[in-house]
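final-v3.cif (mmCIF, C-alpha atoms and all ligand atoms) appears below.
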```
data_work
#
loop_
_atom_site.label_atom_id
_atom_site.label_comp_id
_atom_site.auth_asym_id
_atom_site.auth_seq_id
_atom_site.Cartn_x
_atom_site.Cartn_y
_atom_site.Cartn_z
CA MET A 18 12.77 -16.08 -6.01
CA SER A 19 15.18 -15.25 -3.20
CA ALA A 20 15.52 -11.95 -1.35
CA PRO A 21 17.32 -9.28 -3.36
CA ALA A 22 20.90 -8.27 -2.52
CA LEU A 23 20.91 -5.20 -0.28
CA ARG A 24 23.18 -2.20 -0.07
CA GLU A 25 23.36 -0.64 3.38
CA ARG A 26 22.83 3.07 3.97
CA PRO A 27 21.71 3.37 7.61
CA SER A 28 19.36 6.26 8.38
CA PRO A 29 19.21 7.72 11.89
CA ASN A 30 15.49 8.42 11.41
CA HIS A 31 13.65 5.65 13.21
CA ASP A 32 12.29 4.74 16.63
CA SER A 33 10.71 1.81 18.44
CA ARG A 34 7.58 0.33 16.92
CA ASP A 35 6.02 -0.18 20.32
CA GLU A 36 7.92 0.83 23.43
CA ARG A 37 4.97 0.09 25.69
CA ALA A 38 4.54 -3.49 24.47
CA ALA A 39 8.29 -4.06 24.75
CA SER A 40 8.40 -2.73 28.31
CA LEU A 41 5.49 -4.99 29.26
CA GLY A 42 7.26 -7.98 27.74
CA ALA A 43 4.40 -8.33 25.28
CA GLY A 44 6.58 -9.78 22.54
CA SER A 45 7.34 -8.42 19.14
CA PRO A 46 4.97 -5.82 17.73
CA ARG A 47 2.72 -6.52 14.76
CA ILE A 48 4.15 -5.73 11.29
CA ASP A 49 1.43 -6.47 8.74
CA MET A 50 1.25 -3.65 6.22
CA LEU A 51 3.32 -2.60 3.20
CA VAL A 52 3.34 1.02 1.98
CA LEU A 53 4.80 1.93 -1.42
CA HIS A 54 6.05 5.45 -2.24
CA TYR A 55 7.91 7.33 -4.89
CA THR A 56 10.75 9.56 -3.77
CA GLY A 57 9.54 12.68 -5.64
CA MET A 58 13.06 14.12 -5.84
CA GLN A 59 15.35 14.98 -8.74
CA SER A 60 17.81 12.13 -8.14
CA ALA A 61 18.30 8.97 -6.12
CA ALA A 62 21.32 10.53 -4.39
CA ALA A 63 19.26 13.52 -3.26
CA ALA A 64 16.54 11.19 -1.96
CA LEU A 65 19.06 9.04 -0.05
CA ASP A 66 20.63 12.16 1.50
CA ARG A 67 17.25 13.45 2.64
CA LEU A 68 16.07 10.09 4.00
CA CYS A 69 19.29 9.92 6.06
CA ASP A 70 19.29 13.56 7.21
CA PRO A 71 18.46 13.76 10.93
CA ALA A 72 16.99 17.26 10.40
CA ALA A 73 14.51 16.01 7.77
CA ARG A 74 12.98 13.47 10.15
CA VAL A 75 11.81 11.21 7.31
CA SER A 76 12.92 7.74 6.28
CA ALA A 77 11.80 4.41 4.86
CA HIS A 78 12.97 0.84 5.33
CA TYR A 79 14.10 0.43 1.72
CA LEU A 80 14.81 2.49 -1.37
CA VAL A 81 14.77 1.00 -4.87
CA ASP A 82 16.75 2.87 -7.53
CA GLU A 83 15.81 2.99 -11.22
CA ASP A 84 18.58 0.50 -12.08
CA GLY A 85 17.14 -2.01 -9.58
CA ALA A 86 19.64 -1.44 -6.75
CA VAL A 87 17.99 -1.90 -3.34
CA TRP A 88 19.19 0.10 -0.34
CA ARG A 89 18.30 -0.77 3.26
CA LEU A 90 17.98 2.35 5.39
CA VAL A 91 16.13 1.14 8.48
CA ALA A 92 15.85 -2.37 9.98
CA GLU A 93 12.33 -3.78 9.63
CA GLU A 94 12.04 -4.24 13.40
CA ARG A 95 12.34 -0.48 13.85
CA ARG A 96 9.68 2.09 12.96
CA ALA A 97 10.62 4.21 9.93
CA TRP A 98 8.98 7.58 9.30
CA HIS A 99 7.34 7.41 5.89
CA ALA A 100 3.54 7.39 6.17
CA GLY A 101 2.83 10.49 8.28
CA ILE A 102 -0.82 11.21 9.11
CA SER A 103 -2.58 8.25 7.57
CA PHE A 104 -5.66 6.03 7.66
CA TRP A 105 -6.59 2.55 6.39
CA MET A 106 -9.58 0.39 7.38
CA GLY A 107 -10.16 2.47 10.48
CA GLU A 108 -6.56 2.27 11.65
CA THR A 109 -4.20 5.26 12.01
CA VAL A 110 -0.51 5.76 12.95
CA LEU A 111 0.38 3.31 10.21
CA ASN A 112 4.16 3.75 10.55
CA THR A 113 3.89 1.59 13.66
CA VAL A 114 2.64 -1.49 11.78
CA SER A 115 4.07 -1.01 8.29
CA ILE A 116 7.17 -1.44 6.18
CA GLY A 117 7.84 1.48 3.82
CA ILE A 118 9.54 1.27 0.42
CA GLU A 119 10.65 4.39 -1.47
CA ILE A 120 10.82 3.90 -5.25
CA VAL A 121 13.04 6.40 -7.06
CA ASN A 122 11.01 8.61 -9.42
CA PRO A 123 11.02 12.42 -9.79
CA GLY A 124 7.29 12.35 -9.16
CA HIS A 125 4.58 14.76 -10.28
CA GLU A 126 6.61 17.78 -9.17
CA TRP A 127 9.85 17.10 -11.08
CA GLY A 128 8.79 15.15 -14.17
CA TYR A 129 6.81 12.01 -13.41
CA ARG A 130 7.92 9.13 -15.63
CA ALA A 131 7.46 5.40 -16.15
CA PHE A 132 9.12 3.04 -13.66
CA PRO A 133 11.83 1.15 -15.63
CA GLU A 134 11.78 -2.64 -15.90
CA PRO A 135 14.89 -3.34 -13.71
CA GLN A 136 13.35 -1.17 -11.00
CA MET A 137 9.96 -2.92 -11.18
CA ALA A 138 11.64 -6.35 -11.12
CA ALA A 139 13.52 -5.33 -7.95
CA VAL A 140 10.38 -3.87 -6.36
CA GLU A 141 8.51 -7.08 -7.13
CA ALA A 142 11.25 -9.32 -5.65
CA LEU A 143 11.58 -7.16 -2.53
CA CYS A 144 7.81 -6.99 -1.95
CA ARG A 145 7.41 -10.71 -2.56
CA ASP A 146 10.06 -11.46 0.06
CA ILE A 147 8.56 -9.08 2.65
CA VAL A 148 4.96 -10.21 2.10
CA ALA A 149 5.99 -13.87 2.48
CA ARG A 150 8.16 -13.35 5.57
CA ARG A 151 5.71 -11.07 7.36
CA ARG A 152 2.54 -12.74 6.04
CA ILE A 153 1.17 -9.37 4.99
CA PRO A 154 -2.46 -9.73 3.83
CA ALA A 155 -3.12 -8.63 0.25
CA TRP A 156 -5.61 -5.95 1.36
CA ARG A 157 -2.87 -4.30 3.43
CA VAL A 158 -0.51 -3.60 0.52
CA VAL A 159 -1.13 0.08 -0.25
CA GLY A 160 0.26 3.19 -1.88
CA HIS A 161 0.98 6.31 0.12
CA SER A 162 -1.88 8.13 -1.64
CA ASP A 163 -4.31 5.38 -0.57
CA ILE A 164 -3.66 6.11 3.10
CA ALA A 165 -3.13 9.90 2.84
CA PRO A 166 -5.27 10.94 -0.16
CA THR A 167 -5.57 14.63 0.74
CA ARG A 168 -1.77 15.05 0.98
CA LYS A 169 -0.11 12.52 -1.31
CA THR A 170 -0.11 11.31 -4.92
CA ASP A 171 2.56 8.60 -4.76
CA PRO A 172 3.42 6.15 -6.22
CA GLY A 173 0.95 7.46 -8.81
CA GLU A 174 -0.98 6.33 -11.87
CA LEU A 175 2.07 5.03 -13.78
CA PHE A 176 2.89 2.46 -11.12
CA ASP A 177 2.23 -1.11 -12.27
CA TRP A 178 -0.06 -2.46 -9.53
CA PRO A 179 -1.50 -5.24 -11.76
CA ARG A 180 2.00 -6.66 -12.20
CA LEU A 181 2.48 -6.86 -8.43
CA ALA A 182 -0.97 -8.43 -7.97
CA ARG A 183 -0.08 -11.12 -10.53
CA ALA A 184 2.97 -11.87 -8.34
CA GLY A 185 0.68 -12.25 -5.29
CA ILE A 186 1.36 -8.75 -3.89
CA GLY A 187 -1.84 -6.80 -3.22
CA LEU A 188 -5.29 -7.21 -4.74
CA TRP A 189 -6.52 -6.47 -8.23
CA PRO A 190 -10.24 -6.62 -9.01
CA GLN A 191 -11.56 -9.23 -11.42
CA PRO A 192 -13.99 -7.76 -13.97
CA ALA A 193 -17.48 -8.91 -13.01
CA ALA A 194 -19.74 -9.43 -16.04
CA ALA A 195 -22.82 -8.08 -14.28
CA LEU A 196 -21.06 -4.79 -13.60
CA GLN A 197 -19.95 -4.14 -17.16
CA ARG A 198 -23.39 -2.90 -18.17
CA ARG A 199 -23.31 -0.06 -15.62
CA ARG A 200 -20.06 1.25 -16.98
CA GLY A 201 -21.22 3.71 -19.59
CA ARG A 202 -23.71 5.48 -17.34
CA GLY A 203 -23.47 8.13 -14.69
CA VAL A 204 -24.57 7.16 -11.19
CA GLY A 205 -27.62 8.28 -9.23
CA ILE A 206 -27.79 9.18 -5.58
CA VAL A 207 -28.45 5.60 -4.36
CA GLU A 208 -25.58 4.22 -6.44
CA ARG A 209 -23.34 7.00 -5.16
CA ALA A 210 -24.04 6.01 -1.55
CA ALA A 211 -23.31 2.35 -2.38
CA ALA A 212 -20.07 3.29 -4.16
CA LEU A 213 -18.84 5.38 -1.23
CA ALA A 214 -19.65 2.46 1.10
CA ASP A 215 -17.52 0.26 -1.18
CA LEU A 216 -14.70 2.81 -1.03
CA ALA A 217 -14.79 2.79 2.80
CA ARG A 218 -14.97 -1.01 2.98
CA ILE A 219 -11.89 -1.31 0.76
CA GLY A 220 -10.04 0.78 3.37
CA TYR A 221 -10.14 4.44 2.27
CA GLN A 222 -11.10 7.22 4.64
CA VAL A 223 -14.51 8.48 3.49
CA GLU A 224 -15.74 11.54 5.27
CA PRO A 225 -17.41 14.75 4.14
CA GLY A 226 -14.62 16.86 2.65
CA ASN A 227 -12.34 14.04 1.57
CA GLU A 228 -14.63 11.92 -0.59
CA THR A 229 -13.18 13.34 -3.81
CA PRO A 230 -9.48 12.97 -2.84
CA SER A 231 -10.20 9.38 -1.76
CA LEU A 232 -11.93 8.70 -5.09
CA VAL A 233 -8.96 10.19 -6.97
CA ALA A 234 -6.58 7.96 -4.98
CA PHE A 235 -8.72 4.91 -5.81
CA GLN A 236 -8.79 5.85 -9.52
CA ARG A 237 -5.02 6.50 -9.67
CA ARG A 238 -4.49 2.95 -8.54
CA PHE A 239 -7.40 0.98 -9.98
CA ARG A 240 -8.57 3.07 -12.99
CA PRO A 241 -5.38 4.93 -13.96
CA GLU A 242 -6.66 5.95 -17.40
CA ARG A 243 -8.70 8.72 -15.75
CA TRP A 244 -8.43 10.04 -12.23
CA ASP A 245 -10.71 13.03 -12.14
CA GLY A 246 -12.54 12.23 -8.90
CA ARG A 247 -15.86 11.87 -10.77
CA LEU A 248 -17.94 8.94 -9.62
CA ASP A 249 -18.99 7.65 -13.04
CA GLY A 250 -20.35 4.19 -13.85
CA GLU A 251 -16.86 2.90 -14.67
CA THR A 252 -15.47 3.96 -11.29
CA ALA A 253 -18.55 2.60 -9.45
CA GLY A 254 -18.14 -0.73 -11.28
CA ARG A 255 -14.44 -0.95 -10.39
CA LEU A 256 -15.24 -0.08 -6.77
CA ALA A 257 -17.82 -2.88 -6.57
CA GLU A 258 -15.34 -5.36 -8.09
CA MET A 259 -12.59 -4.30 -5.70
CA ARG A 260 -14.92 -4.58 -2.72
CA GLN A 261 -15.74 -8.13 -3.81
CA ALA A 262 -12.02 -8.91 -4.00
CA VAL A 263 -11.46 -7.53 -0.48
CA GLU A 264 -14.46 -9.41 0.95
CA ALA A 265 -13.30 -12.66 -0.66
CA ALA A 266 -9.76 -12.22 0.70
CA LEU A 267 -11.05 -11.39 4.20
CA ALA A 268 -13.35 -14.45 4.17
CA ALA A 269 -10.54 -16.74 3.02
CA ASP A 270 -8.32 -15.38 5.79
CA ALA A 271 -11.04 -15.94 8.41
CA ARG A 272 -11.45 -19.54 7.17
CA ARG A 273 -7.70 -20.13 7.41
CA ARG A 274 -7.63 -18.82 10.99
CA ARG A 275 -10.60 -21.01 11.96
CA ASP A 276 -8.96 -24.10 10.49
CA ARG A 277 -5.68 -23.34 12.28
CA PHE A 278 -7.54 -22.93 15.57
CA ARG A 279 -9.40 -26.22 15.02
CA ASP A 280 -6.15 -28.06 14.26
CA TYR A 281 -4.57 -26.51 17.33
CA ARG A 282 -7.45 -27.69 19.55
CA ARG A 283 -7.29 -31.16 18.06
CA LEU A 284 -3.58 -31.43 18.78
CA ASN A 285 -3.69 -30.06 22.33
ZN ZN A 301 5.19 8.86 0.06
#
```

Rewrite the structure from the file as structure tokens, please.
Amino acid sequence: MSAPALRERPSPNHDSRDERAASLGAGSPRIDMLVLHYTGMQSAAAALDRLCDPAARVSAHYLVDEDGAVWRLVAEERRAWHAGISFWMGETVLNTVSIGIEIVNPGHEWGYRAFPEPQMAAVEALCRDIVARRRIPAWRVVGHSDIAPTRKTDPGELFDWPRLARAGIGLWPQPAAALQRRRGRGVGIVERAAALADLARIGYQVEPGNETPSLVAFQRRFRPERWDGRLDGETAGRLAEMRQAVEAALAADARRRRDRFRDYRRLN
């Protein structure tokens, strides 16, 4: 599938991804993360106005309307202002390394509703193109609530993450037979510690005070039928499966890098 047709609506809200690296001649800065949002406003027009308002000081690289129209607001080489205070796998200031996509939806404040098919098809095509061009690893495709769980709920529990994973965008855990048996039960203190370690390994910020918001963010995305922040057997099982998916993807990536390095040495 080719890149989707873009409509241009330049936003003034952007800056350099890495002025220091540029001034040192250190080459182009790293862009290896994709952050998905919903607009959380009453209309697409209102969202576009706000994302282009210099006083609002917010933006994203792209906006996808409910009819599937894709607007480009900020060039990918520039840093857009969409993530805010954020954390993933120990890294912060994620605007610097990410591409942000706003998906039109009124959100939890104005009447959260399903994302229509033309919109999801456009999101899928856009993400597929970006992930391929930028070689964004699957474990670095996130929702805003994954990286800012105490502040954000977008894109929310109605967003179709499994569909994107089937298209090669982001990870989705495979049900592990051994974990099914734990599902019906509550978890004890040892299992709780293991589950929180899984949550941290997947990328979430896990610290006293934000364990529950991080669990809710995980559930919204990976167990959307119930996102109450309770660490039950079902959530613990899903966490273990997702950790396995992340570990497998990281190991495969490390193998690919090693093989590339070996080929490089052989050729030089
Ligand atoms: Zn957001």

Quick check, in Å to one decimal: how far apart do atom CA of Leu80 of chain A and atom CA of Glu119 of chain A lie?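 About the pair atom CA of Leu80 of chain A and atom CA of Glu119 of chain A: they are 4.6 Å apart.
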
Pick from A:Ala72, A:Leu188, A:Val204, A:Val52, whichever lies nearest to ligand ZN 301 (chain A) using all atoms listed in the file: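 The closest residue to ligand ZN 301 (chain A) is A:Val52.
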
Quick one: residues within 6 Å of Trp105 of chain A, all atoms listed in the file counted, chain neighbours fewer than 2 positions away excluded, as a list of chain:residue names?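 My reading of the contact set: A:Gly107, A:Glu108, A:Ile164, A:Gly220, A:Tyr221.
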
Residues at most 12 Å from Leu267 of chain A, counting only C-alpha atoms, excluding those fewer than 5 positions away in the same chain, as a list in words?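 The neighbour list is Pro154, Ala155, Trp156, Arg157, Leu188, Arg218, Ile219, Arg260, Gln261, Ala262, Arg272, Arg273 and Arg274 of chain A.
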
Quick one: pull the distance between atom CA of Asp249 of chain A and atom CA of Pro192 of chain A, Å, one decimal.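 Going from atom CA of Asp249 of chain A over to atom CA of Pro192 of chain A, I get 16.2 Å.
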
For each of A:Pro27, A:Pro190, A:Gly246, A:Gly57, take the minimum atom-to-atom distance to Tyr79 of chain A, counting all atoms listed in the file, then give the residue where this is smallest.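 Comparing A:Pro27, A:Pro190, A:Gly246, A:Gly57 against Tyr79 of chain A, the winner is A:Pro27.
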
Would you list the residues that come within 7 Å of ligand ZN 301 (chain A)? Count all atoms listed in the file and give the answer as an MDAnalysis selection string. chainID A and resid 54:56 99:100 161 169 171
